[in-house]
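Worksheet for the structure shown next.
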Amino acid sequence: MLISQNILTALRGLMANKLRSALTILGIVIGVAAVVALMAIGNGATSSITSRITSNGSNLLNIQAGRSQRPAPGASFAPTYLTYSDYEVLAKTLTDVVGIAPAYQSSYTVTAGIQSSRISVTGVTEDYLSVHTYVIAAGRGINANDRAKMNPVAVIGATTATDLFLTSNPIGQKIKANGVTFTVVGTLVSKGSSGFTNEDDIVCIPLETGYSKLFGANAVQNGQKTVNAISVSASSADTVNAVSAQIEFVLRHQHHLKPADADDFRISNQAALLSTLSSVTSTLTTFLGAIAALSLLVGGIGIMNITLVSVTERTREIGLRKAVGARKDHILFQFLVETVTLSMLGGIIGILLGMGIAGVVTALGLITAQVSLSSILLSFFFSLAIGLFFGIYPAFRAANLHPMEALRSE
Amino acid sequence: MGENEVRALDGVSFSVEKGEMISIMGPSGSGKSTLMSIVGCLDVPTSGSYLLDGVPVEKMRDTQLADVRNRKIGFVFQQFNLLSRTSALENVLLPLSYSGLGPRASREKALKTLERVGLKDRVKHHPNELSGGQQQRVAIARALVNDPSILIADEPTGALDSKTGAEIMELFQSLHRDSGQTVIMVTHDSFIARHTDRIIHLADGHILSDAPNPNPLKAGALRPDADV
C-alpha cells in the first residue's frame with residue numbers, strides 16, 4: 001500500500017470527524033505553541049539583558065564605596081568613601097586600561113523654561129562618555145578645558161532632551177538645577193536601554209563645576225572630595241581580572257587597610273555579571289521549555305487515547321482489511337500514519353500559534369520575542385516523535401487483532 | 001485456556017474440486033464459522049491439514065496467510081462490510097492495494113470487475129448511496145477482483161429482501177456457470193443451500209452428511225412456505 005494512499009486515507013478519516021480530530025490535537029497544539037512562544041520570549045529576554053550589559057562595555061569594571069561583607073566585631077562601622085584622590089592615584093598607577101572615569105551623581109529637579117524633570121546630574125571627566133560607550137548625537141562632550149575652567153556646561157541624554165526641550169534643538173539652550181544655570185553643549189545618542197534604569201535620562205556636567213557650584217558640602221567628607229563611582233575600562237576581556245587585582249591592591253594601600261581588614265569598596269565586573277545573568281535566563285528558558293514539553297506529553301496521551309477508541313470503533317474495518325489480504329505491517333502502518341498525521345498537523349498549527357503569540361507579545365512592547373528556528377524544528381520533530389510513540393501501542397493492538405473475531409465484532 | 005478442550009471441528013474431512021459450487025449448512029454452534037475461517041485462511045487448524053491448490057496452509061506464518069487470502073480467497077459477508085467513506089471503486093481497489101499491483105492496472109481491473117457485477121454506472125457512489133443489493137454486488141466485485149481460487153459467501157442474502165436475494169443468488173450461479181468460479185456458500189438456510197450443486201451438513205463439529213444436489217434450484221424460485 002502506497003504511503004500517499006495511506007496519508008490520503010488518514011486525512012479523509014480525520015476530516016470525517018472534524019470536531020474529534022480538533023479536540024485530539026488540541027493538546028499537541030497547546031504544547032507546541034507553548035514551547036515555541038516561551039522559548040521565543042525567553043530568548044528575547046536573554047538577548048535584551050545581554051545587549052543592555054554589553055552596551056555598557058563588557059570590559060568595564062565599576063568601583064563603588066562600601067563593604068561587601070559585615071565588618072568584624074569591634075571593627076569600624078564608619079561609612080566608607082571613594083575620593084577624587086583615589087581616582088588620581090588609580091589613573092597614575094593602573095596599566096592595561098583604556099579609560100578611567102570618576103563620577104559624582106546627585107538627583108535634582110532640572111528645569112528648562114516651563115519643563116522640568118527629576119534627573120540625576122552626574123559630574124564627569126572627559127573619559128566618562130567613552131568609558132560608558134555613549135555616543136555624541138550633536139554638539140560636543142565634556143572636555144578637560146571645561147573642567148579646568150569650571151565651565152557651566154552640560155551634555156544631556158536622549159530622553160532628557162525630549163523631556164525638557166520636546167522637539168526643539170537643545171544645543172545652546174539653558175537648563176537650571178538647584179538655581180545653577182548650565183548651557184547645553186551636546187546631546188547623546190539613545191542607548192535604547194530596556195530594563196531597570198533609563199541610561200538615556202542623564203545630565204553630565206564637568207566634575208569640577210559640580211564640586212564648586214552644585215554638589216556643595218555633601219560631596220566633601222573629611223576635607224576630601226568624594227566620588228560615587230569610578231569606572232575603569234580594561235584594554236581587553238583578558239586583562240579585566242588583572243586590572244581588577246591592581247585596583248584592589250592600589251585602593252587597599254590608599255585606604256590604609258591592614259591585611260586582616262575587609263575591602264571598604266566593591267569592584268563589579270560587567271563580564272562576570274553578564275555570564276551570571278545569561279546563565280540564569282538560559283536556565284529559565286530551559287525550564288519554561290521543559291514545562292511546555294510536559295504539556296506536549298499530555299497531548300500525546302490524548303492522541304493515544306483517541307486512537308485506541310478509533311481502533312475499537314473500526315475493529316470490523318480492520319477485520320475486513322485482514323480478510324482481503326492486509327498483513328500485520330499494513331495495519332500497523334495505517335494507524336501509525338494516522339497518529340503521525342494528527343500529531344504533525346497539531347505541531348504545524350501549534351508552531352503557527354506560538355509564532356502568533358510571540359508576535360503579539362512583541363507588538364504589545366512587553367519584550368522583543370525571538371522565535372528561533374531550533375525551537376520550531378525541536379517542537380516539530382518532538383510532536384512527530386510523540387505521534388509515533390503514542391501511536392505504536394494502539395497500532396499494535398489493531399495489527400494483532402484476530403481477523404475472524406474482528407469481523408464478527410459489533 | 002480452559003482445561004476442557006473444546007473441539008469446534010472434529011474429524012471433518014472433505015475435498016472441493018475446482019469449479020464446484022457447494023453449501024456448508026448447519027445451525028449456529030455447528031462449527032460452520034470455524035470451518036469457514038479455516039477454508040478462508042483466516043485461521044489455521046490446531047491439528048490436521050488443509051491443502052489449498054495442493055499447498056498445505058496449516059504451517060504458514062501470518063504474512064503468508066495474508067498473501068494467500070489476498071490472492072486466492074474472496075470473501076462476501078452478510079453485512080457487506082464495505083468501507084463507508086469510500087466509493088464503490090475504492091472498495092474494490094482495497095484488495096489490490098495490498099497486492100502490489102500498480103495504480104493504473106489496479107483501476108482498470110477494478111472497473112472491469114465492477115462491470116462484471118453490473119455496477120458500471122455506480123463506480124463513484126458511496127455505500128450509503130447504494131441499495132442493499134448494489135452494496136452486495138460491490139462486495140462481490142471486491143471478492144472477485146484478484147481472481148480468487150475460492151469465493152466464500154457467508155449468508156450473502158441474509159440482509160436482503162427475497163427479490164434482491166434472488167438476484168444475488170443469480171449472480172453467484174452465473175459466476176459459477178459461466179466463469180467456472182469455485183463457490184462455497186456458508187448458510188443455515190436450506191433454501192439457499194438448495195441453489196448449489198452439493199450440500200455438506202455440519203452439526204456439533206462433525207459432518208452429518210455430504211451429498212450432491214442433482215437438481216439445484218434456479219435463482220428466483222419460490223421459497224416453500226415451510227421454510228419461511
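In the C-alpha cells, chains take the letters A, B, ... in the order shown, each chain's residues start at 1, and ligands count up from 1 in the order shown.
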
Using only C-alpha atoms, I'd like a table of the residues in stretch 120-169 of chain B that come within 12 Å of stretch 46-56 of chain B; for each, show the closest atom pair and its distance in Å rounded to one decimal, ordered by chain and ascending number, as JSON lines.
```
{"residue": "B:Pro148", "atom": "CA", "partner": "B:Asp53", "partner_atom": "CA", "distance": 11.0}
{"residue": "B:Ser149", "atom": "CA", "partner": "B:Asp53", "partner_atom": "CA", "distance": 7.9}
{"residue": "B:Ile150", "atom": "CA", "partner": "B:Leu52", "partner_atom": "CA", "distance": 9.3}
```

**Request:** May I ask you to extract the residues of chain A within 12 Å of chain B, using only C-alpha atoms, and to give them as a PyMOL selection string?
**Result:** chain A and resi 1-6+8-17+314-331+334+399-410

Write out the residues from the selection above, keeping C-alpha atoms, as a tab-separated table (two decimals), in the first residue's frame.
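As a result, out14.tsv now contains:
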```tsv
chain	number	residue	atom	x	y	z
A	1	MET	CA	0.00	0.00	0.00
A	2	LEU	CA	1.41	3.36	-1.03
A	3	ILE	CA	2.30	5.94	1.61
A	4	SER	CA	0.43	8.70	-0.24
A	5	GLN	CA	-2.65	6.49	-0.33
A	6	ASN	CA	-2.27	5.87	3.40
A	8	LEU	CA	-4.96	10.32	1.99
A	9	THR	CA	-6.99	7.67	3.81
A	10	ALA	CA	-5.85	9.07	7.15
A	11	LEU	CA	-6.73	12.64	6.19
A	12	ARG	CA	-10.14	11.55	4.95
A	13	GLY	CA	-10.79	9.80	8.24
A	14	LEU	CA	-9.71	12.90	10.14
A	15	MET	CA	-11.90	15.17	8.03
A	16	ALA	CA	-14.90	12.94	8.62
A	17	ASN	CA	-14.55	13.51	12.37
A	314	ARG	CA	-13.01	0.24	13.49
A	315	THR	CA	-12.46	-3.36	14.54
A	316	ARG	CA	-14.67	-4.59	11.69
A	317	GLU	CA	-12.78	-2.49	9.19
A	318	ILE	CA	-9.51	-3.97	10.46
A	319	GLY	CA	-11.00	-7.48	10.20
A	320	LEU	CA	-12.14	-6.79	6.69
A	321	ARG	CA	-8.78	-5.39	5.63
A	322	LYS	CA	-7.12	-8.51	7.02
A	323	ALA	CA	-9.65	-10.75	5.24
A	324	VAL	CA	-8.83	-9.18	1.89
A	325	GLY	CA	-5.11	-9.65	2.44
A	326	ALA	CA	-3.73	-6.86	4.64
A	327	ARG	CA	-0.67	-8.03	6.52
A	328	LYS	CA	0.07	-7.00	10.11
A	329	ASP	CA	2.54	-4.37	8.99
A	330	HIS	CA	-0.06	-2.86	6.62
A	331	ILE	CA	-2.47	-2.29	9.52
A	334	GLN	CA	-2.02	2.61	8.52
A	399	ALA	CA	-2.44	-5.15	13.86
A	400	ASN	CA	-2.71	-8.08	16.26
A	401	LEU	CA	-6.49	-8.38	16.13
A	402	HIS	CA	-7.63	-11.80	15.03
A	403	PRO	CA	-9.31	-11.34	11.64
A	404	MET	CA	-12.26	-13.63	12.29
A	405	GLU	CA	-13.03	-12.14	15.71
A	406	ALA	CA	-12.58	-8.62	14.37
A	407	LEU	CA	-15.04	-9.34	11.56
A	408	ARG	CA	-17.65	-10.66	13.96
A	409	SER	CA	-17.42	-7.75	16.42
A	410	GLU	CA	-20.38	-5.42	16.61
```

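Interatomic distance, atom CA of B:Lys32 to atom CA of B:Glu155: 11.3 Å.
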
Can you tell me which residues surround A:Gly391 at a distance of at most 9 Å, considering only C-alpha atoms, apart from same-chain residues fewer than 2 positions away, and format the answer as an mmCIF file with N, CA and C atoms, in the first residue's frame?
```
data_model
loop_
_atom_site.group_PDB
_atom_site.id
_atom_site.type_symbol
_atom_site.label_atom_id
_atom_site.label_comp_id
_atom_site.auth_asym_id
_atom_site.auth_seq_id
_atom_site.Cartn_x
_atom_site.Cartn_y
_atom_site.Cartn_z
ATOM 1 N N GLY A 300 0.197 13.993 23.740
ATOM 2 C CA GLY A 300 0.468 12.683 23.152
ATOM 3 C C GLY A 300 -0.423 11.607 23.740
ATOM 4 N N ILE A 303 -3.726 11.751 22.155
ATOM 5 C CA ILE A 303 -3.737 11.115 20.836
ATOM 6 C C ILE A 303 -3.849 9.600 20.983
ATOM 7 N N MET A 304 -3.089 9.052 21.938
ATOM 8 C CA MET A 304 -3.143 7.606 22.138
ATOM 9 C C MET A 304 -4.557 7.172 22.533
ATOM 10 N N THR A 307 -6.850 7.270 19.589
ATOM 11 C CA THR A 307 -6.519 6.219 18.629
ATOM 12 C C THR A 307 -6.997 4.861 19.128
ATOM 13 N N LEU A 308 -6.888 4.644 20.433
ATOM 14 C CA LEU A 308 -7.395 3.385 20.995
ATOM 15 C C LEU A 308 -8.904 3.271 20.758
ATOM 16 N N PHE A 335 -2.301 2.781 10.937
ATOM 17 C CA PHE A 335 -2.639 3.519 12.162
ATOM 18 C C PHE A 335 -1.522 4.463 12.579
ATOM 19 N N LEU A 336 -0.268 4.055 12.338
ATOM 20 C CA LEU A 336 0.835 4.966 12.652
ATOM 21 C C LEU A 336 0.762 6.219 11.793
ATOM 22 N N VAL A 337 0.450 6.026 10.509
ATOM 23 C CA VAL A 337 0.326 7.186 9.621
ATOM 24 C C VAL A 337 -0.759 8.124 10.153
ATOM 25 N N GLU A 338 -1.851 7.541 10.649
ATOM 26 C CA GLU A 338 -2.930 8.393 11.165
ATOM 27 C C GLU A 338 -2.477 9.198 12.376
ATOM 28 N N THR A 339 -1.806 8.530 13.340
ATOM 29 C CA THR A 339 -1.407 9.283 14.539
ATOM 30 C C THR A 339 -0.322 10.308 14.203
ATOM 31 N N VAL A 340 0.597 9.918 13.313
ATOM 32 C CA VAL A 340 1.664 10.865 12.964
ATOM 33 C C VAL A 340 1.082 12.052 12.199
ATOM 34 N N ILE A 386 6.195 12.100 19.186
ATOM 35 C CA ILE A 386 5.087 11.788 20.086
ATOM 36 C C ILE A 386 4.010 11.014 19.344
ATOM 37 N N GLY A 387 3.714 11.440 18.105
ATOM 38 C CA GLY A 387 2.738 10.720 17.288
ATOM 39 C C GLY A 387 3.167 9.271 17.097
ATOM 40 N N LEU A 388 4.467 9.087 16.805
ATOM 41 C CA LEU A 388 4.988 7.732 16.602
ATOM 42 C C LEU A 388 4.896 6.922 17.900
ATOM 43 N N PHE A 389 5.394 7.547 18.978
ATOM 44 C CA PHE A 389 5.499 6.826 20.244
ATOM 45 C C PHE A 389 4.119 6.412 20.765
ATOM 46 N N TYR A 393 1.398 1.761 20.313
ATOM 47 C CA TYR A 393 0.619 0.789 21.087
ATOM 48 C C TYR A 393 -0.756 0.523 20.461
ATOM 49 N N PRO A 394 -1.555 1.593 20.171
ATOM 50 C CA PRO A 394 -2.843 1.325 19.522
ATOM 51 C C PRO A 394 -2.676 0.611 18.179
ATOM 52 N N ALA A 395 -1.640 0.991 17.420
ATOM 53 C CA ALA A 395 -1.443 0.367 16.111
ATOM 54 C C ALA A 395 -1.127 -1.112 16.256
ATOM 55 N N PHE A 396 -0.332 -1.455 17.279
ATOM 56 C CA PHE A 396 -0.030 -2.865 17.528
ATOM 57 C C PHE A 396 -1.296 -3.628 17.900
#
```

**Item:** Selection: 10 Å around A:Thr283, only C-alpha atoms, excl. self and same-chain fewer than 6 positions, as a list in words
**Value:** Gly42, Leu277 and Gly289 of chain A

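The nearest approach to A:Ile28 among the residues A:Ala219, A:Ile175, A:Ile348, A:Ile114, with only C-alpha atoms taken into account, belongs to A:Ile348.
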
**Request:** Identify which of the residues B:Gly205, B:Gly180, B:Gly220, B:Pro27 lies closest to B:Gly165, counting only C-alpha atoms when measuring atom-to-atom distances.
**Result:** B:Gly220

**Item:** Selection near stretch 182-197 of chain B, 6 Å with only C-alpha atoms, sequence-local residues under 3 positions removed, as a VMD selection string
**Value:** chain B and resid 18 to 27 150 to 155 212 to 213 216 to 217

**Message:** Just list as an NGL selection string whatever in stretch 93-277 of chain A DSSP marks as strand (DSSP E or B).
**Reply:** :A and (97-112 or 115-124 or 136-139 or 153-156 or 174-177 or 180-188 or 203-206 or 220-221 or 224-227 or 229-234 or 265-269)

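Between atom CA of A:Met39 and atom CA of A:Ser21 the separation is 27.0 Å.
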
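Using only C-alpha atoms, the nearest neighbour of B:Ala211 within the list B:Lys109, B:Arg198, B:His126, B:Lys59 is B:Arg198.
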
**alpha helix (DSSP H) per DSSP on the backbone: members of stretch 179-216 of chain B, as a PyMOL selection string** = chain B and resi 179+190-193

**Prompt:** Suppose you want the space between atom CA of A:Val250 and atom CA of A:Ile63; what is it in Å?
**Reply:** 12.3 Å

**Message:** Give me the residues near A:Val32 as a PyMOL selection string, where near means some atom within 6 Å (using only C-alpha atoms) and where sequence neighbours in that chain fewer than 5 positions away do not count.
**Reply:** chain A and resi 347+350+379

**Item:** Test item: residues at most 9 Å from B:Thr113, only C-alpha atoms, excluding those fewer than 5 positions along its chain, as number ranges by chain
**Value:** B: 92, 108, 118-120, 141-142, 144-145

For the residues selected in the previous step, produce a file with C-alpha atoms as a short mmCIF file (atom, residue, chain, number, x, y, z; two decimals), in the first residue's frame.
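This went into part_8.cif:
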```cif
data_model
loop_
_atom_site.label_atom_id
_atom_site.label_comp_id
_atom_site.auth_asym_id
_atom_site.auth_seq_id
_atom_site.Cartn_x
_atom_site.Cartn_y
_atom_site.Cartn_z
CA VAL B 92 -12.97 -2.85 -4.96
CA GLU B 108 -8.56 -0.98 -14.89
CA GLY B 118 -23.48 -4.92 -13.25
CA LEU B 119 -22.37 -1.73 -11.50
CA LYS B 120 -20.63 0.00 -14.38
CA ALA B 141 -16.69 -7.39 -7.05
CA ARG B 142 -14.20 -6.80 -4.23
CA LEU B 144 -13.56 -11.33 -7.32
CA VAL B 145 -11.07 -8.63 -8.23
#
```
